[in-house]
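Next comes protein.cif, with mmCIF, C-alpha atoms.
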data_work
loop_
_atom_site.label_atom_id
_atom_site.label_comp_id
_atom_site.auth_asym_id
_atom_site.auth_seq_id
_atom_site.Cartn_x
_atom_site.Cartn_y
_atom_site.Cartn_z
CA MET A 55 43.19 -13.68 -0.40
CA ASP A 56 40.05 -12.43 -2.14
CA LYS A 57 40.13 -12.79 -5.90
CA GLU A 58 39.39 -9.52 -7.68
CA VAL A 59 35.91 -9.52 -9.17
CA ARG A 60 35.63 -8.32 -12.75
CA THR A 61 32.60 -6.11 -13.20
CA TYR A 62 30.94 -4.43 -16.17
CA GLU A 63 30.16 -0.72 -16.24
CA TYR A 64 27.42 0.67 -18.45
CA LYS A 65 28.42 4.06 -19.82
CA PRO A 66 25.79 6.82 -19.64
CA SER A 67 24.30 7.46 -23.05
CA LYS A 68 24.33 10.98 -24.49
CA THR A 69 20.68 10.53 -25.46
CA TRP A 70 19.54 9.24 -22.04
CA TRP A 71 16.88 11.96 -21.87
CA LEU A 72 15.12 10.85 -25.06
CA GLY A 73 14.04 7.48 -23.66
CA ASN A 74 11.63 8.83 -21.06
CA ARG A 75 8.96 11.54 -21.54
CA ARG A 76 9.62 13.04 -18.11
CA TYR A 77 13.38 13.24 -18.75
CA ALA A 78 12.70 14.95 -22.09
CA LEU A 79 10.32 17.45 -20.46
CA TYR A 80 12.95 18.14 -17.81
CA MET A 81 15.54 18.92 -20.49
CA VAL A 82 13.14 21.23 -22.36
CA ARG A 83 12.34 22.98 -19.09
CA GLU A 84 16.03 23.49 -18.30
CA LEU A 85 16.63 24.79 -21.83
CA SER A 86 13.65 27.13 -21.52
CA GLY A 87 15.58 28.79 -18.68
CA PHE A 88 17.92 30.22 -21.34
CA ALA A 89 14.91 31.76 -23.11
CA VAL A 90 13.76 33.37 -19.85
CA ALA A 91 17.30 34.69 -19.28
CA LEU A 92 17.40 36.09 -22.83
CA TYR A 93 14.01 37.76 -22.23
CA GLY A 94 15.49 39.39 -19.14
CA PHE A 95 18.57 40.45 -21.05
CA ILE A 96 16.46 42.13 -23.78
CA PHE A 97 14.48 43.94 -21.08
CA LEU A 98 17.70 45.17 -19.45
CA ALA A 99 19.00 46.28 -22.86
CA GLN A 100 15.80 48.30 -23.32
CA LEU A 101 16.30 49.97 -19.94
CA PHE A 102 19.94 50.67 -20.77
CA THR A 103 19.11 52.27 -24.13
CA LEU A 104 16.49 54.40 -22.35
CA THR A 105 19.29 55.90 -20.29
CA GLN A 106 21.23 56.58 -23.51
CA GLY A 107 18.52 58.77 -25.00
CA PRO A 108 15.64 58.47 -27.53
CA ILE A 109 17.83 57.69 -30.56
CA ALA A 110 19.43 54.64 -28.95
CA TYR A 111 16.02 53.45 -27.67
CA GLU A 112 14.32 53.93 -31.05
CA SER A 113 17.05 52.01 -32.86
CA LEU A 114 16.69 49.05 -30.46
CA LEU A 115 12.92 49.16 -30.86
CA ARG A 116 13.35 49.00 -34.65
CA VAL A 117 15.36 45.79 -34.24
CA LEU A 118 12.81 44.30 -31.85
CA LEU A 119 9.86 45.21 -34.08
CA SER A 120 11.44 43.81 -37.24
CA PRO A 121 9.97 40.46 -38.48
CA ALA A 122 13.01 38.61 -37.06
CA GLY A 123 12.65 40.44 -33.73
CA ILE A 124 8.95 39.58 -33.50
CA LEU A 125 9.64 35.93 -34.39
CA LEU A 126 12.32 35.78 -31.68
CA SER A 127 9.90 37.31 -29.16
CA ALA A 128 7.20 34.79 -30.10
CA ILE A 129 9.61 31.86 -29.64
CA LEU A 130 10.85 33.27 -26.33
CA LEU A 131 7.25 33.78 -25.18
CA VAL A 132 6.39 30.12 -25.84
CA PHE A 133 9.42 28.97 -23.82
CA ALA A 134 8.76 31.52 -21.05
CA VAL A 135 5.13 30.38 -20.71
CA PHE A 136 6.25 26.73 -20.66
CA HIS A 137 8.86 27.55 -18.01
CA SER A 138 6.30 29.41 -15.89
CA LEU A 139 3.67 26.67 -16.10
CA THR A 140 6.16 23.95 -15.16
CA TRP A 141 7.48 26.22 -12.38
CA PHE A 142 4.00 26.32 -10.81
CA ASP A 143 3.80 22.54 -11.12
CA LEU A 144 7.21 22.10 -9.47
CA THR A 145 6.45 24.57 -6.70
CA ALA A 146 3.37 22.58 -5.76
CA LYS A 147 5.57 19.48 -5.52
CA VAL A 148 8.41 21.11 -3.59
CA GLN A 149 6.26 23.06 -1.14
CA PRO A 150 3.04 21.05 -0.83
CA PRO A 151 0.72 23.21 1.29
CA SER A 152 -1.54 21.70 3.90
CA MET A 153 -4.79 22.95 5.38
CA ARG A 154 -5.86 21.91 8.88
CA GLY A 155 -3.16 19.25 8.90
CA LYS A 156 -4.28 17.72 5.60
CA PRO A 157 -2.35 18.10 2.32
CA VAL A 158 -4.09 20.21 -0.33
CA PRO A 159 -4.43 18.21 -3.61
CA ARG A 160 -1.63 19.13 -6.02
CA LYS A 161 -3.98 19.76 -8.94
CA LEU A 162 -5.85 22.32 -6.85
CA VAL A 163 -2.61 24.10 -5.89
CA VAL A 164 -1.35 24.18 -9.50
CA THR A 165 -4.70 25.37 -10.90
CA GLY A 166 -5.07 27.96 -8.13
CA THR A 167 -1.60 29.45 -8.60
CA ILE A 168 -2.00 29.55 -12.40
CA MET A 169 -5.36 31.35 -11.99
CA ILE A 170 -3.72 33.94 -9.69
CA TRP A 171 -0.89 34.32 -12.24
CA LEU A 172 -3.38 34.89 -15.10
CA PHE A 173 -5.40 37.32 -12.94
CA ILE A 174 -2.32 39.45 -12.14
CA SER A 175 -1.10 39.19 -15.76
CA TYR A 176 -4.47 40.53 -16.95
CA PHE A 177 -4.16 43.67 -14.81
CA VAL A 178 -0.52 44.14 -15.84
CA ALA A 179 -1.56 43.85 -19.52
CA VAL A 180 -4.44 46.32 -19.04
CA PHE A 181 -2.06 48.76 -17.32
CA ILE A 182 0.56 48.48 -20.08
CA PHE A 183 -1.85 48.88 -22.99
CA ARG A 184 -3.77 51.80 -21.37
CA VAL A 185 -0.60 53.65 -20.46
CA GLY A 186 1.05 52.66 -23.76
CA MET B 206 -5.65 -30.71 -24.63
CA ALA B 207 -4.75 -27.07 -25.23
CA SER B 208 -1.03 -26.36 -25.06
CA GLN B 209 0.28 -24.25 -22.16
CA LYS B 210 0.57 -20.54 -23.00
CA THR B 211 4.15 -19.28 -22.82
CA ILE B 212 5.85 -15.90 -22.71
CA LYS B 213 9.33 -14.99 -23.94
CA ILE B 214 11.67 -13.62 -21.27
CA ARG B 215 14.69 -11.82 -22.71
CA VAL B 216 17.45 -11.35 -20.15
CA LYS B 217 20.54 -9.18 -20.47
CA ARG B 218 23.40 -11.35 -19.31
CA TYR B 219 26.96 -10.70 -18.29
CA ILE B 220 29.28 -13.58 -17.57
CA PRO B 221 32.82 -12.25 -17.11
CA GLU B 222 34.41 -15.69 -17.61
CA LYS B 223 32.52 -16.18 -20.87
CA ALA B 224 32.41 -12.81 -22.65
CA GLU B 225 33.82 -9.30 -22.35
CA GLU B 226 30.49 -7.69 -23.22
CA PRO B 227 26.91 -8.33 -22.06
CA PHE B 228 24.68 -10.41 -24.31
CA TYR B 229 21.02 -11.47 -24.37
CA SER B 230 19.47 -14.87 -23.63
CA GLU B 231 15.87 -15.73 -24.45
CA TYR B 232 13.68 -18.21 -22.60
CA ASP B 233 10.13 -19.43 -23.17
CA VAL B 234 8.41 -19.57 -19.80
CA PRO B 235 4.93 -20.99 -19.00
CA TYR B 236 2.58 -18.04 -18.50
CA SER B 237 -0.14 -17.55 -15.96
CA GLU B 238 -2.03 -14.43 -14.89
CA ASP B 239 -0.67 -14.45 -11.35
CA MET B 240 3.00 -14.77 -12.27
CA VAL B 241 5.49 -12.00 -11.62
CA VAL B 242 8.83 -11.48 -13.38
CA LEU B 243 10.68 -12.96 -10.41
CA ASP B 244 8.60 -16.16 -10.75
CA ALA B 245 9.66 -16.34 -14.40
CA LEU B 246 13.33 -15.85 -13.46
CA ASN B 247 13.07 -18.58 -10.84
CA TYR B 248 11.42 -20.89 -13.41
CA ILE B 249 14.34 -20.27 -15.77
CA LYS B 250 16.87 -20.90 -13.00
CA ASP B 251 15.17 -24.12 -11.88
CA ASN B 252 14.21 -25.58 -15.26
CA LEU B 253 15.99 -23.96 -18.20
CA ASP B 254 19.31 -22.37 -17.26
CA GLY B 255 20.87 -22.80 -13.83
CA SER B 256 23.62 -20.31 -14.69
CA LEU B 257 21.26 -17.32 -14.59
CA SER B 258 22.11 -15.10 -11.60
CA PHE B 259 19.82 -12.66 -9.81
CA ARG B 260 19.13 -11.52 -6.26
CA TRP B 261 15.88 -12.09 -4.43
CA SER B 262 14.62 -12.84 -0.96
CA CYS B 263 11.17 -11.93 0.38
CA ARG B 264 9.03 -12.11 -2.82
CA MET B 265 6.69 -9.49 -1.38
CA GLY B 266 8.21 -6.06 -2.03
CA VAL B 267 9.81 -5.68 1.36
CA CYS B 268 13.46 -6.68 1.10
CA GLY B 269 14.39 -4.57 -1.95
CA SER B 270 16.74 -7.25 -3.32
CA CYS B 271 15.18 -8.06 -6.69
CA SER B 272 15.49 -4.65 -8.42
CA ALA B 273 16.05 -4.69 -12.18
CA ASN B 274 14.94 -2.89 -15.32
CA VAL B 275 11.78 -4.52 -16.62
CA ASP B 276 10.95 -3.42 -20.16
CA GLY B 277 13.28 -0.47 -19.61
CA LYS B 278 11.74 0.70 -16.33
CA PRO B 279 13.32 0.32 -12.86
CA LYS B 280 11.09 -2.10 -10.93
CA LEU B 281 11.03 -4.78 -8.27
CA THR B 282 10.76 -8.02 -10.24
CA CYS B 283 8.64 -9.52 -7.44
CA SER B 284 6.01 -6.80 -7.95
CA SER B 285 5.96 -6.75 -11.76
CA PHE B 286 3.26 -9.02 -13.16
CA LEU B 287 3.83 -10.71 -16.51
CA LYS B 288 0.30 -9.66 -17.52
CA GLU B 289 1.35 -5.97 -17.26
CA SER B 290 3.61 -6.43 -20.28
CA LYS B 291 2.15 -5.04 -23.49
CA GLY B 292 4.15 -7.16 -25.93
CA ASP B 293 4.61 -10.92 -26.24
CA SER B 294 8.02 -10.76 -24.56
CA ILE B 295 9.52 -9.14 -21.48
CA LEU B 296 12.98 -7.60 -21.34
CA VAL B 297 14.82 -7.90 -18.02
CA GLU B 298 18.09 -6.00 -17.57
CA PRO B 299 20.33 -5.22 -14.60
CA LEU B 300 20.36 -1.79 -12.95
CA SER B 301 22.63 0.11 -15.33
CA HIS B 302 23.80 2.81 -12.91
CA PHE B 303 25.70 0.22 -10.87
CA ARG B 304 28.52 -2.05 -12.03
CA THR B 305 27.31 -5.51 -13.03
CA ILE B 306 28.94 -8.47 -11.30
CA LYS B 307 27.00 -11.16 -13.16
CA ASP B 308 23.74 -11.10 -15.12
CA LEU B 309 21.24 -9.16 -12.95
CA VAL B 310 23.51 -9.00 -9.89
CA VAL B 311 25.03 -5.56 -9.40
CA GLU B 312 27.74 -4.17 -7.16
CA ILE B 313 25.98 -2.33 -4.30
CA ASP B 314 29.00 -1.14 -2.29
CA VAL B 315 28.67 2.36 -3.72
CA PHE B 316 25.16 2.63 -2.19
CA VAL B 317 26.04 0.95 1.12
CA LYS B 318 28.91 3.46 1.59
CA LYS B 319 26.49 6.35 1.08
CA LEU B 320 24.04 4.80 3.52
CA LYS B 321 26.76 4.43 6.14
CA SER B 322 27.99 8.00 5.56
CA ILE B 323 24.65 9.52 6.61
CA LYS B 324 24.62 7.56 9.90
CA PRO B 325 21.17 5.95 9.59
CA TRP B 326 20.72 5.42 13.31
CA ILE B 327 19.50 7.58 16.17
CA ILE B 328 22.18 9.98 17.41
CA ARG B 329 21.70 11.11 21.02
CA ASN B 330 23.57 13.82 22.88
CA GLU B 331 23.07 11.73 25.98
CA GLU B 332 21.95 8.11 26.05
CA LYS B 333 19.48 7.37 28.81
CA PRO B 334 19.88 4.14 30.80
CA ILE B 335 18.14 1.09 29.33
CA ALA B 336 16.24 0.76 32.59
CA ASP B 337 14.49 4.07 31.80
CA GLY B 338 12.73 2.43 28.86
CA GLU B 339 12.42 3.27 25.18
CA TYR B 340 12.35 6.71 23.56
CA LEU B 341 8.70 7.49 22.96
CA GLN B 342 7.04 9.43 20.14
CA THR B 343 3.58 10.91 19.72
CA PRO B 344 1.55 9.83 16.65
CA GLU B 345 2.10 13.37 15.23
CA GLN B 346 5.88 13.04 15.61
CA ARG B 347 5.71 9.61 14.00
CA ASP B 348 3.68 10.98 11.06
CA LEU B 349 6.53 13.34 10.16
CA ILE B 350 8.85 10.41 9.41
CA LYS B 351 6.33 7.78 8.35
CA GLN B 352 6.70 8.18 4.58
CA THR B 353 10.50 8.25 4.43
CA SER B 354 10.63 5.34 6.91
CA MET B 355 9.13 3.15 4.19
CA CYS B 356 12.37 3.10 2.15
CA ILE B 357 13.53 -0.48 1.54
CA ASN B 358 16.96 0.37 0.04
CA CYS B 359 16.00 -1.19 -3.30
CA MET B 360 18.11 1.40 -5.20
CA LEU B 361 15.47 1.88 -7.91
CA CYS B 362 15.62 5.62 -7.23
CA TYR B 363 19.34 5.59 -8.04
CA GLU B 364 18.56 3.83 -11.31
CA ALA B 365 16.05 6.59 -12.13
CA CYS B 366 18.47 9.39 -11.25
CA PRO B 367 20.48 10.74 -14.23
CA VAL B 368 22.58 12.87 -11.84
CA PHE B 369 23.81 9.71 -10.07
CA ASP B 370 24.48 8.14 -13.47
CA MET B 371 26.77 11.05 -14.37
CA ASP B 372 28.36 11.32 -10.92
CA ASN B 373 28.47 8.25 -8.68
CA ASP B 374 29.65 10.40 -5.77
CA PHE B 375 26.28 12.17 -5.53
CA ILE B 376 24.63 11.23 -2.22
CA GLY B 377 21.49 10.28 -4.17
CA PRO B 378 17.78 9.92 -3.41
CA ALA B 379 17.50 7.03 -0.93
CA ALA B 380 20.39 8.09 1.33
CA ALA B 381 18.97 11.62 1.39
CA ALA B 382 15.43 10.42 2.13
CA ILE B 383 16.68 8.21 4.96
CA SER B 384 18.71 11.11 6.25
CA TYR B 385 15.65 13.38 6.16
CA ARG B 386 13.84 10.76 8.20
CA SER B 387 16.61 10.90 10.84
CA VAL B 388 16.73 14.71 10.86
CA MET B 389 12.96 14.87 11.43
CA ASP B 390 12.97 12.12 14.08
CA SER B 391 11.92 13.61 17.43
CA ARG B 392 14.27 11.19 19.24
CA ASP B 393 17.34 12.24 17.27
CA ASP B 394 19.89 14.94 18.19
CA GLY B 395 22.11 14.60 15.11
CA ALA B 396 20.38 17.06 12.74
CA LYS B 397 23.34 19.50 12.57
CA GLU B 398 25.83 16.65 12.04
CA ARG B 399 23.72 15.18 9.24
CA LEU B 400 23.03 18.51 7.54
CA ASP B 401 26.78 19.20 7.50
CA ILE B 402 27.29 15.94 5.59
CA LEU B 403 24.31 16.48 3.28
CA THR B 404 25.28 20.04 2.36
CA SER B 405 28.92 19.21 1.67
CA LYS B 406 30.36 18.42 -1.80
CA HIS B 407 28.28 15.77 -3.65
CA GLY B 408 25.43 16.40 -1.21
CA VAL B 409 21.85 17.49 -1.84
CA TRP B 410 22.84 20.56 -3.88
CA ASP B 411 23.73 18.27 -6.80
CA CYS B 412 20.06 17.29 -7.17
CA THR B 413 18.52 19.12 -10.13
CA TYR B 414 14.99 17.98 -9.24
CA ILE B 415 14.16 15.76 -12.16
CA GLY B 416 11.83 13.92 -9.78
CA GLU B 417 11.92 10.48 -11.43
CA CYS B 418 13.22 8.92 -8.18
CA SER B 419 9.84 9.58 -6.57
CA VAL B 420 7.97 8.22 -9.60
CA VAL B 421 9.71 4.82 -9.56
CA CYS B 422 9.72 4.29 -5.77
CA PRO B 423 7.74 1.07 -5.09
CA LYS B 424 6.97 2.20 -1.52
CA ALA B 425 5.60 5.68 -2.40
CA VAL B 426 8.48 7.46 -0.69
CA ASP B 427 9.13 10.92 -2.13
CA PRO B 428 12.94 11.28 -2.06
CA ALA B 429 12.82 14.28 -4.44
CA LEU B 430 10.71 16.23 -1.94
CA ALA B 431 12.90 15.12 0.97
CA ILE B 432 15.97 16.46 -0.86
CA GLN B 433 14.32 19.85 -1.51
CA LYS B 434 13.39 20.10 2.17
CA LEU B 435 16.95 19.19 3.15
CA LYS B 436 18.21 21.94 0.82
CA ALA B 437 16.05 24.46 2.69
CA MET B 438 17.17 23.14 6.10
CA GLY B 439 20.80 23.04 4.96
CA GLY B 440 20.62 26.62 3.70
CA ILE B 441 19.21 27.83 7.02
CA SER B 442 21.84 25.82 8.91
CA ILE B 443 24.65 27.41 6.83
CA ILE B 444 23.26 30.93 7.43
CA LYS B 445 22.97 30.23 11.17
CA SER B 446 26.57 29.05 11.29
CA LEU B 447 27.70 32.33 9.70
CA LEU B 448 25.86 34.48 12.26
CA PRO B 449 27.75 35.59 15.38
CA LYS B 450 27.23 33.12 18.21
CA LYS B 451 25.39 34.21 21.38
CA LYS B 452 27.70 34.60 24.33
#
Mind turning this structure into structure tokens?
Amino acid sequence: MDKEVRTYEYKPSKTWWLGNRRYALYMVRELSGFAVALYGFIFLAQLFTLTQGPIAYESLLRVLLSPAGILLSAILLVFAVFHSLTWFDLTAKVQPPSMRGKPVPRKLVVTGTIMIWLFISYFVAVFIFRVG
Amino acid sequence: MASQKTIKIRVKRYIPEKAEEPFYSEYDVPYSEDMVVLDALNYIKDNLDGSLSFRWSCRMGVCGSCSANVDGKPKLTCSSFLKESKGDSILVEPLSHFRTIKDLVVEIDVFVKKLKSIKPWIIRNEEKPIADGEYLQTPEQRDLIKQTSMCINCMLCYEACPVFDMDNDFIGPAAAAISYRSVMDSRDDGAKERLDILTSKHGVWDCTYIGECSVVCPKAVDPALAIQKLKAMGGISIIKSLLPKKK
């Protein structure tokens, strides 16, 4: 009869993600998803208050334009930009495009998509500030 | 005469008959520019401490037996040169996502079971007679599976995968990459069967795309990409199965 072999199991550490730069970046990216979700929630709240009339909308705007509201927006913006940039990087990895049967270099794909993003963002910003 | 230059090799040991917990042993090994970590381990085994246990076979990055953590990074010890080390010592530890049997030797049953579960052989609806010859492929068909065919089952990708560390039931990078190879193989008819396995519980959906598996692969396989492609294929396969079947 086979003798049972005693083995040793290493337990996963709670700080596993601090030992490797890529793991840490991954965790920050996942956390930044909460910031993007919160951004979306604030936007939905704005739309909701719009349906409730000018008083409700103005009171939400006062909160958002307070120093704390602006600080929150700035923090959320940093995380949202980080999330977007890493999203472009990941997309290039997950769906590597090819041209005439040859893969397009990843750097070119990432740079190209970020340029398109900035280009569209510029026109959106111009539209908002002109209309606003 | 100048004395021979040496390097300190620090090995994480586990000897169940000797101690409950792992411990470290240090060895001074003669150093030369062309030595790899596996050479140092073999020097220790032959000259300093015969009780040191580790797996190895080909010494040329093909068999995938000599995987370990070298200075904290999952590597093949036969492909890690001593000169690559930045300090004056090198730390060698077993793969920590697998149970240790002794020293650097880990229990690989958990991986072998996964490998078997994805049926890493050609599945045919109908086998043709041997007399009809082999199943042929065009170079283009071969190119589709070339990269994932390079997997040597070294399990370094499992060591790099925090999801596997948290949940040993996760199918994991290598089994998924090998499965992708089979699904894309022009000679294979088992795509649906495989996708059903891969999209079940503990399948490819558990991957959160950290991507470190592809970084550590010594054969430049990209298991992370293979898993994302399998997710897309699996999703389409699930949708197709929900649609009414043609009469």
Open item on the list: On this structure, the PyMOL selection byres ((chain A and resi 85-88) around 10) would catch which residues? List them as a PyMOL selection string, sorted by chain and number.
Closed with: chain A and resi 79-84+89-94+130-138
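Nearest residue to B:Cys268, choosing from B:Ala224, B:Ala381, B:Ile357, B:Met438 and counting all atoms listed in the file: B:Ile357.
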Let me know the residues the PyMOL selection byres ((chain B) within 6 of (chain A)) catches in the file above, as a short mmCIF file (atom, residue, chain, number, x, y, z; two decimals) with C-alpha atoms, in the frame of the given file.
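For reference, part37.cif as written:
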data_model
loop_
_atom_site.label_atom_id
_atom_site.label_comp_id
_atom_site.auth_asym_id
_atom_site.auth_seq_id
_atom_site.Cartn_x
_atom_site.Cartn_y
_atom_site.Cartn_z
CA SER B 301 22.63 0.11 -15.33
CA ARG B 304 28.52 -2.05 -12.03
CA THR B 305 27.31 -5.51 -13.03
CA ILE B 306 28.94 -8.47 -11.30
CA LEU B 430 10.71 16.23 -1.94
#
Exercise: B:Gly277 partners within 8 Å, only C-alpha atoms, chain neighbours under 4 positions left out, as a short mmCIF file (atom, residue, chain, number, x, y, z; two decimals) with C-alpha atoms, in the coordinates of the input:
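Result saved to selection-v2.cif:
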data_model
loop_
_atom_site.label_atom_id
_atom_site.label_comp_id
_atom_site.auth_asym_id
_atom_site.auth_seq_id
_atom_site.Cartn_x
_atom_site.Cartn_y
_atom_site.Cartn_z
CA LEU B 296 12.98 -7.60 -21.34
CA VAL B 297 14.82 -7.90 -18.02
CA GLU B 298 18.09 -6.00 -17.57
#
Open item on the list: Please compute the atom CA of B:Val409-atom CA of B:Lys280 distance, one decimal, in Å.
Closed with: 24.1 Å
- [ ] Fewer than 5 positions away in the same chain doesn't count, so skip those; otherwise give me all residues within 12 Å of B:Val267, counting only C-alpha atoms, as a VMD selection string.
- [x] chain B and resid 261 to 262 272 281 to 284 355 to 359 423 to 424
Task: d(atom CA of B:Leu403, atom CA of B:Lys319) in Å - done: 10.6 Å
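Here atom CA of B:Met389 stands at a distance of 9.3 Å from atom CA of B:Arg347.
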Residues within 7 Å of B:Lys213, please, as a PDB file with C-alpha atoms, in the coordinates of the input. Count all atoms listed in the file; anything in the same chain fewer than 6 positions from it doesn't count.
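Result went into around_27.pdb, see below:
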ATOM      1  CA  GLU B 231      15.870 -15.730 -24.450  1.00  0.00           C
ATOM      2  CA  TYR B 232      13.680 -18.210 -22.600  1.00  0.00           C
ATOM      3  CA  ASP B 233      10.130 -19.430 -23.170  1.00  0.00           C
ATOM      4  CA  VAL B 234       8.410 -19.570 -19.800  1.00  0.00           C
ATOM      5  CA  ASP B 293       4.610 -10.920 -26.240  1.00  0.00           C
ATOM      6  CA  SER B 294       8.020 -10.760 -24.560  1.00  0.00           C
ATOM      7  CA  ILE B 295       9.520  -9.140 -21.480  1.00  0.00           C
TER       8      ILE B 295
END
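The protein and nucleic acid residues lying at most 10 Å from stretch 170-176 of chain A are Ser138, Leu139, Phe142, Thr165, Phe181 and Ile182 of chain A, with all atoms listed in the file considered and sequence neighbours fewer than 5 positions away removed.
Evaluated on this file, the PyMOL selection byres ((chain B and resi 256) around 12) matches Arg218, Tyr219, Ile220, Lys223, Ser230, Leu246, Asn247, Ile249, Lys250, Asp251, Asn252, Leu253, Asp254, Gly255, Leu257, Ser258, Phe259, Lys307, Asp308 and Leu309 of chain B.
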Please produce an output containing C-alpha atoms for each residue in the selection, written as an mmCIF file, in the coordinates of the input.
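again.cif was written with the following content:
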data_model
loop_
_atom_site.group_PDB
_atom_site.id
_atom_site.type_symbol
_atom_site.label_atom_id
_atom_site.label_comp_id
_atom_site.auth_asym_id
_atom_site.auth_seq_id
_atom_site.Cartn_x
_atom_site.Cartn_y
_atom_site.Cartn_z
ATOM 1 C CA ARG B 218 23.400 -11.350 -19.310
ATOM 2 C CA TYR B 219 26.960 -10.700 -18.290
ATOM 3 C CA ILE B 220 29.280 -13.580 -17.570
ATOM 4 C CA LYS B 223 32.520 -16.180 -20.870
ATOM 5 C CA SER B 230 19.470 -14.870 -23.630
ATOM 6 C CA LEU B 246 13.330 -15.850 -13.460
ATOM 7 C CA ASN B 247 13.070 -18.580 -10.840
ATOM 8 C CA ILE B 249 14.340 -20.270 -15.770
ATOM 9 C CA LYS B 250 16.870 -20.900 -13.000
ATOM 10 C CA ASP B 251 15.170 -24.120 -11.880
ATOM 11 C CA ASN B 252 14.210 -25.580 -15.260
ATOM 12 C CA LEU B 253 15.990 -23.960 -18.200
ATOM 13 C CA ASP B 254 19.310 -22.370 -17.260
ATOM 14 C CA GLY B 255 20.870 -22.800 -13.830
ATOM 15 C CA LEU B 257 21.260 -17.320 -14.590
ATOM 16 C CA SER B 258 22.110 -15.100 -11.600
ATOM 17 C CA PHE B 259 19.820 -12.660 -9.810
ATOM 18 C CA LYS B 307 27.000 -11.160 -13.160
ATOM 19 C CA ASP B 308 23.740 -11.100 -15.120
ATOM 20 C CA LEU B 309 21.240 -9.160 -12.950
#
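Here the question is which of B:Ala396, B:Met371, B:Leu341, B:Ile402 gets nearest to B:Ser322 using all atoms listed in the file, and that residue is B:Ile402.
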Open item on the list: Just want the 9 Å neighbourhood of B:Tyr385, counted on all atoms listed in the file, with same-chain residues fewer than 5 positions away dropped. Output as number ranges by chain.
Closed with: B: 350, 353, 380, 390, 396, 399, 428, 431-432, 434-435
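Shortest separation to A:Thr69 among B:Glu417, B:Pro367, B:Val241, B:Gly439 occurs at residue B:Pro367, atoms counted being only C-alpha atoms.
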TODO: Would you be able to write out as a count of residues only which residues have an atom within 6 Å of (12.1, 0.5, -11.9) in the file's coordinates, counting only C-alpha atoms?
DONE: 6
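Nearest residue to B:Gly408 among B:Ser384, B:Gln209, B:Ser290, B:Ser446 is B:Ser384, counting all atoms listed in the file.
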